[in-house]
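**Student:** Contents of structure_37.txt (compact mmCIF, C-alpha atoms) are below:
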```txt
# COMPACT_ATOMS: atom_id res chain seq x y z
CA MET U 18 27.04 46.02 21.18
CA ILE U 19 23.32 45.46 20.56
CA LYS U 20 23.88 46.03 16.85
CA GLN U 21 26.61 43.39 16.80
CA LEU U 22 24.38 40.90 18.65
CA LYS U 23 21.61 41.50 16.13
CA ALA U 24 24.02 40.96 13.24
CA ILE U 25 25.31 37.71 14.81
CA THR U 26 21.74 36.51 15.41
CA VAL U 27 20.72 37.30 11.83
CA ASN U 28 23.77 35.46 10.48
CA LEU U 29 23.07 32.43 12.66
CA ILE U 30 19.46 32.29 11.50
CA ALA U 31 20.56 32.76 7.88
CA GLY U 32 23.02 29.89 8.31
CA ALA U 33 20.29 27.69 9.76
CA ASN U 34 18.05 28.58 6.82
CA MET U 35 20.80 27.73 4.32
CA ALA U 36 21.32 24.37 6.04
CA THR U 37 17.58 23.73 5.84
CA VAL U 38 17.59 24.58 2.13
CA LEU U 39 20.45 22.12 1.53
CA LEU U 40 18.56 19.37 3.37
CA LEU U 41 15.40 20.32 1.45
CA ILE U 42 17.27 19.89 -1.85
CA LEU U 43 18.82 16.59 -0.73
CA SER U 44 15.47 15.19 0.38
CA GLY U 45 13.68 16.52 -2.72
CA TYR U 46 16.08 14.79 -5.10
CA SER U 47 16.81 11.72 -2.98
CA ASP U 48 14.85 9.59 -5.44
CA ARG U 49 18.02 9.61 -7.58
CA ILE U 50 19.85 7.65 -4.87
CA ASN U 51 19.82 3.87 -5.18
CA PRO U 52 18.85 2.40 -1.79
CA VAL U 53 20.96 -0.70 -2.44
CA GLU U 54 24.04 1.55 -2.39
CA HIS U 55 22.89 4.19 0.11
CA PRO U 56 19.83 2.91 2.02
CA LEU U 57 19.70 5.71 4.59
CA LEU U 58 20.13 8.63 2.18
CA SER U 59 17.58 7.16 -0.23
CA CYS U 60 14.88 7.42 2.46
CA MET U 61 15.25 11.17 2.85
CA GLY U 62 12.23 11.75 0.60
CA MET U 63 10.13 10.90 3.66
CA THR U 64 11.48 14.05 5.36
CA PHE U 65 10.75 16.36 2.41
CA PRO U 66 7.48 17.82 3.81
CA GLY U 67 9.19 18.57 7.14
CA PHE U 68 11.97 20.59 5.51
CA LEU U 69 9.40 22.23 3.24
CA ILE U 70 7.45 23.49 6.27
CA ALA U 71 10.66 24.61 8.00
CA ASN U 72 11.70 26.63 4.95
CA LEU U 73 8.25 28.20 4.81
CA LEU U 74 8.60 29.29 8.46
CA PHE U 75 11.96 30.87 7.61
CA LEU U 76 10.28 32.76 4.75
CA PHE U 77 7.65 34.15 7.13
CA PHE U 78 10.41 35.13 9.57
CA TRP U 79 12.45 37.01 6.97
CA LEU U 80 9.41 38.80 5.54
CA THR U 81 8.55 39.95 9.05
CA PHE U 82 11.97 40.96 10.37
CA LYS U 83 14.52 41.14 7.54
CA TRP U 84 12.89 40.98 4.13
CA ARG U 85 16.20 41.26 2.26
CA LYS U 86 17.08 37.76 3.44
CA ALA U 87 13.90 36.26 2.00
CA TRP U 88 15.89 35.28 -1.08
CA ILE U 89 17.29 32.29 0.85
CA PRO U 90 14.00 30.35 1.32
CA ILE U 91 12.66 31.59 -2.04
CA LEU U 92 15.74 30.19 -3.80
CA GLY U 93 15.21 26.92 -1.94
CA PHE U 94 11.61 26.68 -3.13
CA ALA U 95 12.67 27.45 -6.70
CA ILE U 96 15.29 24.68 -6.74
CA VAL U 97 12.82 22.06 -5.48
CA TYR U 98 9.90 23.21 -7.63
CA GLY U 99 9.89 19.83 -9.40
CA PRO U 100 9.70 17.73 -6.20
CA ILE U 101 7.00 20.08 -4.82
CA THR U 102 4.78 19.53 -7.86
CA LEU U 103 5.38 15.79 -7.55
CA TYR U 104 4.61 15.63 -3.84
CA MET U 105 1.59 17.92 -3.85
CA PRO U 106 0.44 19.16 -7.27
CA LEU U 107 -2.24 21.82 -7.42
CA HIS U 108 -4.41 21.26 -10.47
CA THR U 109 -8.01 22.30 -10.97
CA SER U 110 -10.68 19.83 -12.07
CA GLN U 111 -10.67 18.93 -15.77
CA THR U 112 -13.52 17.92 -18.07
CA PRO U 113 -12.72 14.54 -19.67
CA PRO U 114 -13.74 14.02 -23.31
CA GLU U 115 -15.93 11.19 -24.53
CA GLY U 116 -14.55 7.69 -24.85
CA THR U 117 -12.38 7.57 -21.73
CA ILE U 118 -11.32 4.68 -19.52
CA LYS U 119 -11.89 4.89 -15.77
CA LEU U 120 -9.34 3.02 -13.68
CA ILE U 121 -9.24 2.32 -9.94
CA SER U 122 -6.22 1.01 -8.06
CA TYR U 123 -6.99 -0.12 -4.53
CA ASN U 124 -5.19 -2.13 -1.85
CA VAL U 125 -8.16 -3.79 -0.13
CA CYS U 126 -6.15 -5.19 2.81
CA GLN U 127 -7.51 -8.71 2.24
CA TYR U 128 -11.04 -7.35 2.71
CA GLY U 129 -10.46 -7.01 6.45
CA GLY U 130 -12.66 -3.91 6.73
CA ASN U 131 -9.92 -1.80 8.36
CA TYR U 132 -11.30 -2.85 11.77
CA LYS U 133 -14.34 -0.69 11.03
CA TYR U 134 -16.58 -2.98 9.01
CA GLU U 135 -17.45 -6.57 9.83
CA GLN U 136 -18.44 -7.18 6.20
CA GLY U 137 -15.27 -5.85 4.59
CA PHE U 138 -15.73 -7.52 1.23
CA GLU U 139 -19.34 -6.38 0.91
CA LYS U 140 -18.28 -2.80 1.65
CA VAL U 141 -15.60 -2.89 -1.06
CA TYR U 142 -17.89 -4.68 -3.52
CA GLU U 143 -20.69 -2.10 -3.18
CA TYR U 144 -18.17 0.72 -3.57
CA LEU U 145 -16.73 -0.74 -6.78
CA LYS U 146 -20.21 -1.43 -8.12
CA GLU U 147 -21.15 2.21 -7.55
CA GLN U 148 -17.93 3.53 -9.11
CA ASN U 149 -18.54 1.52 -12.30
CA ALA U 150 -14.92 1.76 -13.45
CA ASP U 151 -13.72 0.08 -16.64
CA ILE U 152 -10.62 -1.41 -15.01
CA VAL U 153 -10.18 -2.21 -11.32
CA CYS U 154 -6.72 -3.26 -10.13
CA LEU U 155 -6.69 -4.60 -6.58
CA GLN U 156 -3.79 -5.42 -4.32
CA GLU U 157 -4.12 -7.95 -1.47
CA ASP U 158 -7.07 -9.27 -3.48
CA VAL U 159 -7.03 -12.44 -1.41
CA ASP U 160 -9.13 -14.14 1.26
CA THR U 161 -10.06 -17.55 2.57
CA TRP U 162 -13.15 -17.84 0.37
CA ARG U 163 -12.03 -17.09 -3.18
CA ARG U 164 -14.97 -18.80 -4.85
CA TYR U 165 -17.41 -16.57 -3.00
CA VAL U 166 -15.53 -13.42 -4.03
CA LYS U 167 -15.19 -14.52 -7.65
CA GLN U 168 -18.93 -15.20 -7.92
CA TRP U 169 -19.74 -11.71 -6.67
CA TYR U 170 -17.27 -9.92 -8.94
CA GLU U 171 -18.64 -11.78 -11.95
CA LYS U 172 -21.95 -9.99 -11.34
CA ILE U 173 -20.42 -6.62 -12.21
CA TYR U 174 -17.36 -7.51 -14.31
CA PRO U 175 -17.29 -10.03 -17.17
CA TYR U 176 -13.51 -10.56 -16.92
CA ASN U 177 -11.80 -11.34 -13.62
CA ASP U 178 -8.45 -12.73 -12.59
CA THR U 179 -6.45 -12.95 -9.35
CA THR U 180 -2.82 -14.02 -9.13
CA ILE U 181 -1.69 -15.41 -5.77
CA PHE U 182 2.03 -14.82 -5.22
CA ASN U 183 2.88 -17.48 -2.67
CA PRO U 184 0.01 -19.80 -1.72
CA GLN U 185 2.17 -21.58 0.85
CA ASP U 186 3.04 -18.38 2.71
CA ALA U 187 1.14 -17.75 5.94
CA SER U 188 0.71 -14.07 4.99
CA ILE U 189 -0.85 -14.78 1.60
CA ASN U 190 -0.84 -11.96 -0.95
CA GLY U 191 -1.84 -11.39 -4.54
CA VAL U 192 -3.15 -8.89 -7.08
CA GLY U 193 -6.34 -9.02 -9.08
CA ILE U 194 -7.96 -7.34 -12.05
CA HIS U 195 -11.68 -6.92 -12.64
CA THR U 196 -12.52 -5.34 -15.96
CA LYS U 197 -15.00 -4.77 -18.74
CA PHE U 198 -12.31 -5.58 -21.31
CA PRO U 199 -11.33 -9.12 -22.34
CA ILE U 200 -8.13 -10.44 -20.76
CA ILE U 201 -5.99 -11.79 -23.60
CA LYS U 202 -3.25 -13.15 -21.36
CA LYS U 203 -1.28 -12.38 -18.22
CA GLU U 204 2.39 -12.65 -17.31
CA ARG U 205 4.13 -12.53 -13.95
CA ILE U 206 7.07 -10.11 -13.94
CA GLN U 207 10.00 -12.03 -12.54
CA TYR U 208 11.82 -10.78 -9.47
CA GLU U 209 12.76 -12.29 -6.15
CA SER U 210 10.20 -11.73 -3.38
CA ALA U 211 8.58 -14.03 -0.84
CA GLY U 212 5.15 -12.46 -0.82
CA ASN U 213 4.99 -9.60 -3.32
CA GLY U 214 4.77 -9.33 -7.07
CA SER U 215 3.80 -7.61 -10.29
CA VAL U 216 1.50 -8.98 -12.97
CA ALA U 217 1.15 -7.74 -16.54
CA TYR U 218 -2.36 -8.10 -17.93
CA TYR U 219 -2.97 -7.77 -21.66
CA LEU U 220 -6.45 -6.36 -22.30
CA LYS U 221 -8.34 -6.05 -25.57
CA VAL U 222 -9.57 -2.45 -25.71
CA ASP U 223 -11.37 -1.87 -29.01
CA ALA U 224 -8.72 -2.44 -31.69
CA ASP U 225 -5.79 -2.12 -29.29
CA THR U 226 -4.01 -4.39 -26.87
CA VAL U 227 -3.43 -2.42 -23.67
CA LEU U 228 -0.85 -3.58 -21.15
CA VAL U 229 -1.91 -3.05 -17.53
CA ILE U 230 0.72 -3.78 -14.88
CA ASN U 231 -0.60 -4.24 -11.34
CA ASN U 232 1.99 -4.09 -8.54
CA HIS U 233 2.40 -4.82 -4.88
CA LEU U 234 6.02 -4.04 -4.02
CA GLU U 235 7.89 -4.91 -0.83
CA GLY U 236 6.35 -3.34 2.27
CA THR U 237 8.03 -1.38 5.06
CA HIS U 238 7.36 -4.17 7.59
CA LEU U 239 6.89 -1.70 10.43
CA SER U 240 5.35 -3.45 13.42
CA THR U 241 2.47 -2.00 15.42
CA GLU U 242 5.02 -0.99 18.05
CA ASP U 243 7.19 0.75 15.42
CA ARG U 244 4.18 2.68 14.14
CA ASN U 245 3.12 3.74 17.63
CA LYS U 246 6.62 4.99 18.40
CA TYR U 247 6.68 6.92 15.13
CA LYS U 248 3.40 8.62 16.04
CA GLN U 249 4.79 9.52 19.47
CA MET U 250 7.85 11.06 17.85
CA ILE U 251 5.99 13.29 15.41
CA SER U 252 3.57 14.39 18.15
CA GLY U 253 6.46 15.35 20.46
CA LYS U 254 5.47 12.86 23.16
CA MET U 255 8.87 11.15 23.30
CA GLU U 256 12.03 12.16 25.15
CA GLN U 257 14.63 13.75 22.89
CA ASP U 258 17.34 11.09 23.37
CA THR U 259 14.82 8.28 22.88
CA ALA U 260 13.42 10.01 19.82
CA LYS U 261 16.89 10.21 18.23
CA ALA U 262 17.53 6.52 18.82
CA GLU U 263 14.10 5.51 17.49
CA THR U 264 14.53 7.75 14.45
CA LEU U 265 17.79 6.04 13.52
CA PHE U 266 16.19 2.62 14.04
CA LEU U 267 13.22 3.46 11.81
CA ILE U 268 15.40 4.99 9.09
CA GLU U 269 17.61 1.89 9.06
CA LYS U 270 14.55 -0.36 8.81
CA LEU U 271 13.00 1.75 6.05
CA GLY U 272 16.31 1.77 4.19
CA LYS U 273 16.59 -2.01 4.43
CA TYR U 274 13.24 -2.59 2.75
CA ALA U 275 13.72 0.25 0.26
CA ALA U 276 16.78 -1.71 -0.87
CA LYS U 277 14.54 -4.75 -1.40
CA ARG U 278 12.07 -2.70 -3.47
CA ALA U 279 14.79 -1.31 -5.74
CA PRO U 280 15.39 -4.49 -7.82
CA GLU U 281 11.63 -5.09 -7.97
CA ALA U 282 11.11 -1.61 -9.42
CA GLU U 283 13.99 -2.14 -11.86
CA ALA U 284 12.44 -5.41 -13.05
CA VAL U 285 9.11 -3.65 -13.69
CA HIS U 286 10.90 -0.84 -15.55
CA ASP U 287 12.80 -3.35 -17.71
CA TYR U 288 9.54 -5.12 -18.55
CA ILE U 289 7.95 -1.80 -19.56
CA GLU U 290 10.91 -0.94 -21.79
CA ALA U 291 10.70 -4.35 -23.48
CA HIS U 292 6.99 -3.85 -24.29
CA ARG U 293 6.88 -0.23 -25.44
CA GLN U 294 4.91 -1.23 -28.53
CA TYR U 295 1.78 -1.39 -26.33
CA PRO U 296 -0.15 1.42 -24.65
CA ILE U 297 0.80 0.89 -20.99
CA ILE U 298 -0.87 1.60 -17.64
CA VAL U 299 1.06 0.89 -14.44
CA CYS U 300 -0.59 1.06 -11.04
CA GLY U 301 -0.64 -0.38 -7.58
CA ASP U 302 0.76 -0.24 -4.09
CA PHE U 303 4.41 0.75 -4.46
CA ASN U 304 4.84 1.01 -0.67
CA ASP U 305 6.88 4.13 -1.34
CA ASN U 306 6.20 7.86 -1.36
CA PRO U 307 6.31 10.00 -4.52
CA ILE U 308 9.93 11.03 -3.86
CA SER U 309 11.42 7.55 -3.88
CA TYR U 310 13.76 5.50 -6.03
CA SER U 311 11.16 2.82 -6.74
CA ARG U 312 8.49 5.24 -7.99
CA ARG U 313 10.97 7.22 -10.06
CA THR U 314 12.47 4.06 -11.58
CA ILE U 315 9.10 2.68 -12.68
CA ALA U 316 7.87 6.12 -13.81
CA GLN U 317 10.74 6.69 -16.28
CA GLY U 318 9.20 7.47 -19.66
CA LEU U 319 5.68 7.42 -18.21
CA THR U 320 3.27 10.10 -17.03
CA ASP U 321 2.55 10.19 -13.30
CA CYS U 322 -1.19 10.75 -13.52
CA TYR U 323 -1.52 12.26 -10.05
CA GLN U 324 1.35 14.66 -10.60
CA GLU U 325 -0.14 15.68 -13.94
CA THR U 326 -3.78 16.14 -12.87
CA GLY U 327 -4.10 15.69 -9.09
CA LYS U 328 -4.60 18.17 -6.27
CA GLY U 329 -2.93 18.20 -2.86
CA ILE U 330 -0.85 15.52 -1.16
CA GLY U 331 -3.30 12.69 -1.85
CA LEU U 332 -2.87 10.54 1.25
CA SER U 333 -3.47 7.04 -0.02
CA TYR U 334 -2.23 5.37 3.17
CA ASN U 335 -4.79 6.40 5.76
CA GLN U 336 -3.26 5.32 9.06
CA LYS U 337 -2.86 8.28 11.41
CA GLY U 338 0.60 9.82 11.47
CA PHE U 339 1.65 8.50 8.05
CA PHE U 340 1.12 11.35 5.62
CA VAL U 341 2.13 9.68 2.38
CA ARG U 342 0.87 8.69 -1.06
CA ILE U 343 2.19 5.20 -1.70
CA ASP U 344 -0.33 4.16 -4.36
CA HIS U 345 0.32 5.39 -7.88
CA ILE U 346 -1.08 5.38 -11.43
CA LEU U 347 1.31 5.86 -14.36
CA ALA U 348 0.58 5.81 -18.09
CA SER U 349 2.48 5.79 -21.36
CA GLU U 350 2.37 8.61 -23.90
CA GLN U 351 -0.67 7.10 -25.67
CA PHE U 352 -2.84 8.16 -22.73
CA VAL U 353 -3.98 11.60 -21.55
CA PRO U 354 -4.96 11.53 -17.86
CA TYR U 355 -7.79 13.50 -16.26
CA ASN U 356 -8.76 14.14 -12.63
CA CYS U 357 -6.56 11.64 -10.84
CA TYR U 358 -7.49 11.67 -7.16
CA VAL U 359 -7.39 9.68 -3.94
CA ASP U 360 -10.84 8.92 -2.54
CA ASP U 361 -10.39 9.52 1.20
CA LYS U 362 -14.07 8.85 1.89
CA MET U 363 -13.62 5.12 1.29
CA ASP U 364 -12.22 3.75 4.55
CA ALA U 365 -12.72 -0.03 4.34
CA SER U 366 -8.95 -0.60 4.10
CA ASP U 367 -5.73 0.92 5.45
CA HIS U 368 -5.35 2.36 1.94
CA ASN U 369 -7.61 4.75 0.06
CA PRO U 370 -8.34 3.98 -3.60
CA ILE U 371 -6.63 6.07 -6.26
CA ILE U 372 -8.78 6.80 -9.33
CA CYS U 373 -8.03 8.25 -12.74
CA THR U 374 -9.78 8.82 -16.07
CA LEU U 375 -7.65 8.09 -19.14
CA LYS U 376 -8.18 8.97 -22.79
CA MET U 377 -6.30 6.82 -25.29
CA GLU U 378 -5.14 8.85 -28.27
CA GLY U 379 -4.97 6.89 -31.53
CA ASN U 380 -4.28 3.25 -32.25
CA THR U 381 -0.61 2.37 -31.92
CA GLN U 382 -0.84 -1.42 -32.01
CA LYS U 383 -3.32 -3.61 -33.80
```
Spit out the file's structure as structure tokens when you get a sec.
**Tutor:**
Amino acid sequence: MIKQLKAITVNLIAGANMATVLLLILSGYSDRINPVEHPLLSCMGMTFPGFLIANLLFLFFWLTFKWRKAWIPILGFAIVYGPITLYMPLHTSQTPPEGTIKLISYNVCQYGGNYKYEQGFEKVYEYLKEQNADIVCLQEDVDTWRRYVKQWYEKIYPYNDTTIFNPQDASINGVGIHTKFPIIKKERIQYESAGNGSVAYYLKVDADTVLVINNHLEGTHLSTEDRNKYKQMISGKMEQDTAKAETLFLIEKLGKYAAKRAPEAEAVHDYIEAHRQYPIIVCGDFNDNPISYSRRTIAQGLTDCYQETGKGIGLSYNQKGFFVRIDHILASEQFVPYNCYVDDKMDASDHNPIICTLKMEGNTQK
């Protein structure tokens, strides 16, 4: 009788592990799902770390009590090896060669100081001055005193430009570039959005024209109340029935805005494909995690610099409870990336800056 109970228990646990592996696979490859067609399923990438941890716990269980069953979680890890390396790569530090380009992408949250610094702009300015990057791409590079900001940036960068997306909108937004390289021209990538956008900057880098695309895609539009409820859920401080209802509500809301980001990402991808003759760098606030349709769509044919050279999860959105990297740097085949990382010591915004060193190999366009 006891033997039968043990066998039933083992089979039940094995079944639960298999179900977890299936959900792990679905979440790991959910970036193939178009959110316009399947908004809820497309958001499963957000759950990937949870299923990853659950599968790891199953592995520990089997190794402790029934090692022959360890093949189940191990097989699961093997199938999602690609998504694991995308979500949290584990690279050691590299030594960049001479003649590289240092790029920073940073959502500065309109220089609000993240409720920590009264002089938010000054904090960001001093940080960028110290970093001495060659190209700085900022999102939410807007404020009520543009002339003041422009005068300060001109002290450290000879070429500066900010594109405001909708000046009439109450929640004004825009992206800016501050660089050591001459700006030949810029072009707004066309897609429908009230307060978001993507701008292609053409920079003169030695003998080449380099295309740098700075993006701020549609946000999640989670209210303060939504965020607080989410934090309560993940900390276990919410009743089970309430948690289920709130989970469905949040997933529906996330799916709705993921569907809005999809055509934006497709427009950026189409623009990249139409300008492949240039060395291309794409960066910015995608408002989506690494395992998402928008990131995967834009990244087609490009190198994800963090995946290629980064270490760890790289939490670029620093609000407590939201363990995601939503800021990305991508580059075309003409570039070799080195030491892409998220600087979590810079806390003057709700985002952390993402930084990468790039080496351009050869001249492809004169």
**Student:** Taking a cut-off of 9 Å and counting only C-alpha atoms, can you build a table that, for each residue of range 308-376 of chain U near range 268-291 of chain U, reports the nearest atom pair and how far apart they are in Å (one decimal), sorted by chain then residue number, as a tab-separated table?
**Tutor:**
```
residue	atom	partner	partner_atom	distance
U:Ser309	CA	U:Ala275	CA	8.7
U:Tyr310	CA	U:Ala279	CA	6.9
U:Ser311	CA	U:Ala282	CA	5.2
U:Arg312	CA	U:Ala282	CA	7.5
U:Arg313	CA	U:Ala282	CA	8.9
U:Thr314	CA	U:Ala282	CA	6.2
U:Ile315	CA	U:His286	CA	4.9
U:Ala316	CA	U:His286	CA	7.8
U:Gln317	CA	U:His286	CA	7.6
U:Gly318	CA	U:Glu290	CA	8.8
```
**Student:** Please determine, counting all atoms listed in the file, which residue among U:Gly329, U:Pro56, U:Gly301, U:Gly62 has the shortest atom-to-atom distance to Val216 in chain U.
**Tutor:** U:Gly301
**Student:** Please, what distance in Å, to one decimal, runs between CA of Lys119 in chain U and CA of Tyr174 in chain U?
**Tutor:**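 These two atoms are separated by 13.6 Å.
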**Student:** Excluding Asn213 in chain U and its own-chain neighbours fewer than 5 positions away, which residues fall within 12 Å of it when counting only C-alpha atoms? Please give them as a VMD selection string.
**Tutor:** chain U and resid 156 to 157 180 to 184 186 188 to 192 205 to 208 231 to 236 277 to 278 281 to 282 301 to 304
**Student:** Mind dumping a table of every range 250-369 of chain U residue within 9 Å of range 82-103 of chain U, with the nearest atom pair and its distance in Å to one decimal, using all atoms listed in the file, sorted by chain and rising number, as a tab-separated table?
**Tutor:**
```
residue	atom	partner	partner_atom	distance
U:Pro307	CA	U:Leu103	CA	6.6
U:Ile308	CA	U:Pro100	CA	7.1
U:Asp321	CA	U:Leu103	CA	8.5
U:Tyr323	CA	U:Leu103	CA	8.1
U:Gln324	CA	U:Leu103	CA	5.2
U:Glu325	CA	U:Leu103	CA	8.4
U:Ile330	CA	U:Leu103	CA	8.9
```
**Student:** Find the distance between CA of Ile194 in chain U and CA of Glu209 in chain U and write it in Å to one decimal.
**Tutor:**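 Computed distance, CA of Ile194 in chain U to CA of Glu209 in chain U, equals 22.1 Å.
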**Student:** Find the residues near range 353-355 of chain U: any atom within 7 Å, counting all atoms listed in the file, skip ones fewer than 4 places away on the same chain, and give them as a list in words.
**Tutor:**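 Contacts, with the query itself left out: Gln111, Pro113, Cys322, Thr326, Cys373, Thr374, Leu375, Lys376 and Met377 of chain U.
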**Student:** Could you check the closest approach to Val359 in chain U for each of U:Ser122, U:Asn306, U:Thr179, U:Ser210 and tell me which residue wins, using all atoms listed in the file?
**Tutor:**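 Smallest separation from Val359 in chain U among the options: U:Ser122.
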**Student:** Give me, please, the distance in Å between CA of Leu80 in chain U and CA of Ser44 in chain U, quoted to one decimal.
**Tutor:**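 Distance reported for this atom pair: 24.9 Å.
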**Student:** Can you work out which one of U:Gln148, U:Ala217, U:Gly116, U:Asp160 has the shortest atom-to-atom distance to Asp360 in chain U, counting all atoms listed in the file?
**Tutor:**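 Nearest to Asp360 in chain U: U:Gln148.
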**Student:** Which polymer residues have any atom within 6 Å of an atom of Ala348 in chain U, counting all atoms listed in the file, with same-chain residues fewer than 6 positions away left out, as a PyMOL selection string?
**Tutor:** chain U and resi 297-298+319-320
